[in-house]
Amino acid sequence: MAADDDFGARLRATAPDLLVEAAADHLREWHGVDAADVLFADYRISGLWPLLDDRDDDPLGGILRDRGASARCFAGQQPVVEGRRVFLPLTAWGERVGVLVLDGDGLDLDRLAETADELAVALRAADRDTDRYRRARRRERLTMAAEMQWDLLPGRSLSHPRFELAGQLEPAYTVAGDHFDWAVTDEKLTLTVMNGSGTGLAASALSGLAVNAMRNARRSAGDIVEQAELASDTVFAHYGGERHVATLLLEADLATGRVAAVDAGSPHAFRIRGATLSPITLDQQLPLGMFGEARYSTQGFLLEPGDRLFIVSDGVHAATPGSREAFGQAAMITAIRATKLQPPAEAVGAVMRGLQDYHEDTDPDDDAVIVCLDWHGAD
């Protein structure tokens, strides 16, 4: 216990960009570890990449599709041991920060798992004060629009006793308008998925304006109707109706599974219950910002324990590379069904990889966002 207390104090006393080095020193001194490194998942969640070590003869990370030890640890969120090497998931509140890699003999996995949890929380907190870990996640340069979109995200996954949640944007390095947001407050989960219009910085600025308006209303205790109306009024005041944002707003009661919804555009929701996949049918209202003083009303549906909800933008369900039929007419449903046994963070990646394969690994013409929610229900 003293070692754990010392580790927390050591992290708090360390500069935010040097947390991995401080952790490596602590692990050598207190746990008998010979070497330590952290692997970060890239923005596309295609591979894991070391912060400290780039050895070509004995690579620590790798491509997730190759299902190496690091990939199995990251996907399964369980320790993986290969000889003298131990891989431990780094996860904070369900956000998959990366993988801690340790070399050594006779390592105590239980104690090391606690150390990994502390490091994950510290790394997530430090991400706002240093660029070092974001640089490690980049395999190419982000466009300015993509930089703005990724900075707006709440995270890429979230765990709670009553649900698991994950989302992903593509094309990861050039995304401009599509976005998702979430927050858990007062026994309610608020979730928004946005299908932004336009391209480049103009699309990112439009989405950013709408997201921050919805957050302003939400953080002032406004419900999803107030969030939609403030965002719509704000976008209309700025663009005069020439630009608007298609958005699906959901507010789930964590005690009952009852969901209030405002459908203001093209993001589509699909529910998997048992072996049945069906669309959530809602009456569409006006996209945010199309008209001044637009007013919105809620509709509702119920989530039961074991339900899975997928929400996708039209960059997914309406994707038509070349002269092929839309991805959503067949391939998307197949890809969603194939994720039945995967947790949400893996499921969104699998569906996105299916979309990339459908586009033959070229960036799609339109932004795409996928959000997956697994509903566990009340205790």
# chains A, B, ... in the order shown; residues from 1 in each chain; ligands from 1
>>> residues_around(residues="His31 of chain A", least_positions_apart="2", cutoff="8 Å", atoms="only C-alpha atoms", output="short mmCIF file (atom, residue, chain, number, x, y, z; two decimals) with N, CA, C and O atoms, in the first residue's frame")
data_model
loop_
_atom_site.label_atom_id
_atom_site.label_comp_id
_atom_site.auth_asym_id
_atom_site.auth_seq_id
_atom_site.Cartn_x
_atom_site.Cartn_y
_atom_site.Cartn_z
N HIS A 26 9.35 4.37 -11.12
CA HIS A 26 8.65 3.80 -9.96
C HIS A 26 8.53 2.27 -10.09
O HIS A 26 8.73 1.54 -9.12
N LEU A 27 8.19 1.82 -11.27
CA LEU A 27 8.02 0.38 -11.49
C LEU A 27 9.33 -0.38 -11.33
O LEU A 27 9.35 -1.51 -10.83
N ARG A 28 10.43 0.23 -11.73
CA ARG A 28 11.74 -0.41 -11.53
C ARG A 28 12.08 -0.47 -10.03
O ARG A 28 12.57 -1.49 -9.54
N GLU A 29 11.80 0.62 -9.32
CA GLU A 29 12.19 0.71 -7.92
C GLU A 29 11.31 -0.14 -6.99
O GLU A 29 11.81 -0.75 -6.04
N VAL A 33 10.54 -4.26 -12.07
CA VAL A 33 10.39 -4.24 -13.52
C VAL A 33 11.70 -3.83 -14.17
O VAL A 33 12.38 -2.90 -13.70
N LEU A 107 6.50 -10.93 -11.93
CA LEU A 107 5.78 -9.69 -11.66
C LEU A 107 4.40 -9.97 -11.06
O LEU A 107 3.72 -10.93 -11.44
N ASP A 108 4.01 -9.15 -10.09
CA ASP A 108 2.73 -9.28 -9.40
C ASP A 108 1.66 -8.55 -10.21
O ASP A 108 1.55 -7.32 -10.16
N LEU A 112 0.37 -4.57 -10.11
CA LEU A 112 0.68 -3.80 -11.32
C LEU A 112 -0.59 -3.26 -11.97
O LEU A 112 -0.57 -2.17 -12.55
#
>>> residues_around(residues="Ala318 of chain A", least_positions_apart="5", cutoff="7 Å", atoms="only C-alpha atoms", output="number ranges by chain")
A: 326-328
>>> select_by_dssp(residues="segment 91-335 of chain A", states="strand (DSSP E)", output="number ranges by chain")
A: 91-92, 95-103, 157-160, 163-170, 179-185, 188-195, 246-253, 258-264, 268-273, 276-279, 299-302, 308-312
>>> residues_around(residues="segment 343-351 of chain A", least_positions_apart="2", cutoff="8 Å", atoms="only C-alpha atoms", output="JSON, numbers by chain")
{"A": [45, 75, 156, 157, 164, 165, 166, 167, 168, 332, 335, 336, 339, 340, 341, 353, 354, 355, 370, 371, 372, 373, 374]}
>>> residues_around(residues="Arg219 of chain A", least_positions_apart="6", cutoff="10 Å", atoms="only C-alpha atoms", output="number ranges by chain")
A: 183, 185, 213, 227
>>> write_last_selection(atoms="N, CA and C atoms", output="compact mmCIF listing (two decimals), in the first residue's frame")
# COMPACT_ATOMS: atom_id res chain seq x y z
N ALA A 183 -22.60 13.21 -21.66
CA ALA A 183 -22.34 13.61 -20.28
C ALA A 183 -23.27 12.81 -19.38
N THR A 185 -24.95 13.10 -15.70
CA THR A 185 -25.22 14.04 -14.61
C THR A 185 -26.62 13.76 -14.06
N ALA A 213 -23.23 25.46 -27.86
CA ALA A 213 -24.55 25.96 -27.46
C ALA A 213 -25.32 24.88 -26.70
N GLN A 227 -31.68 22.40 -25.03
CA GLN A 227 -30.40 22.29 -25.72
C GLN A 227 -30.58 22.46 -27.23
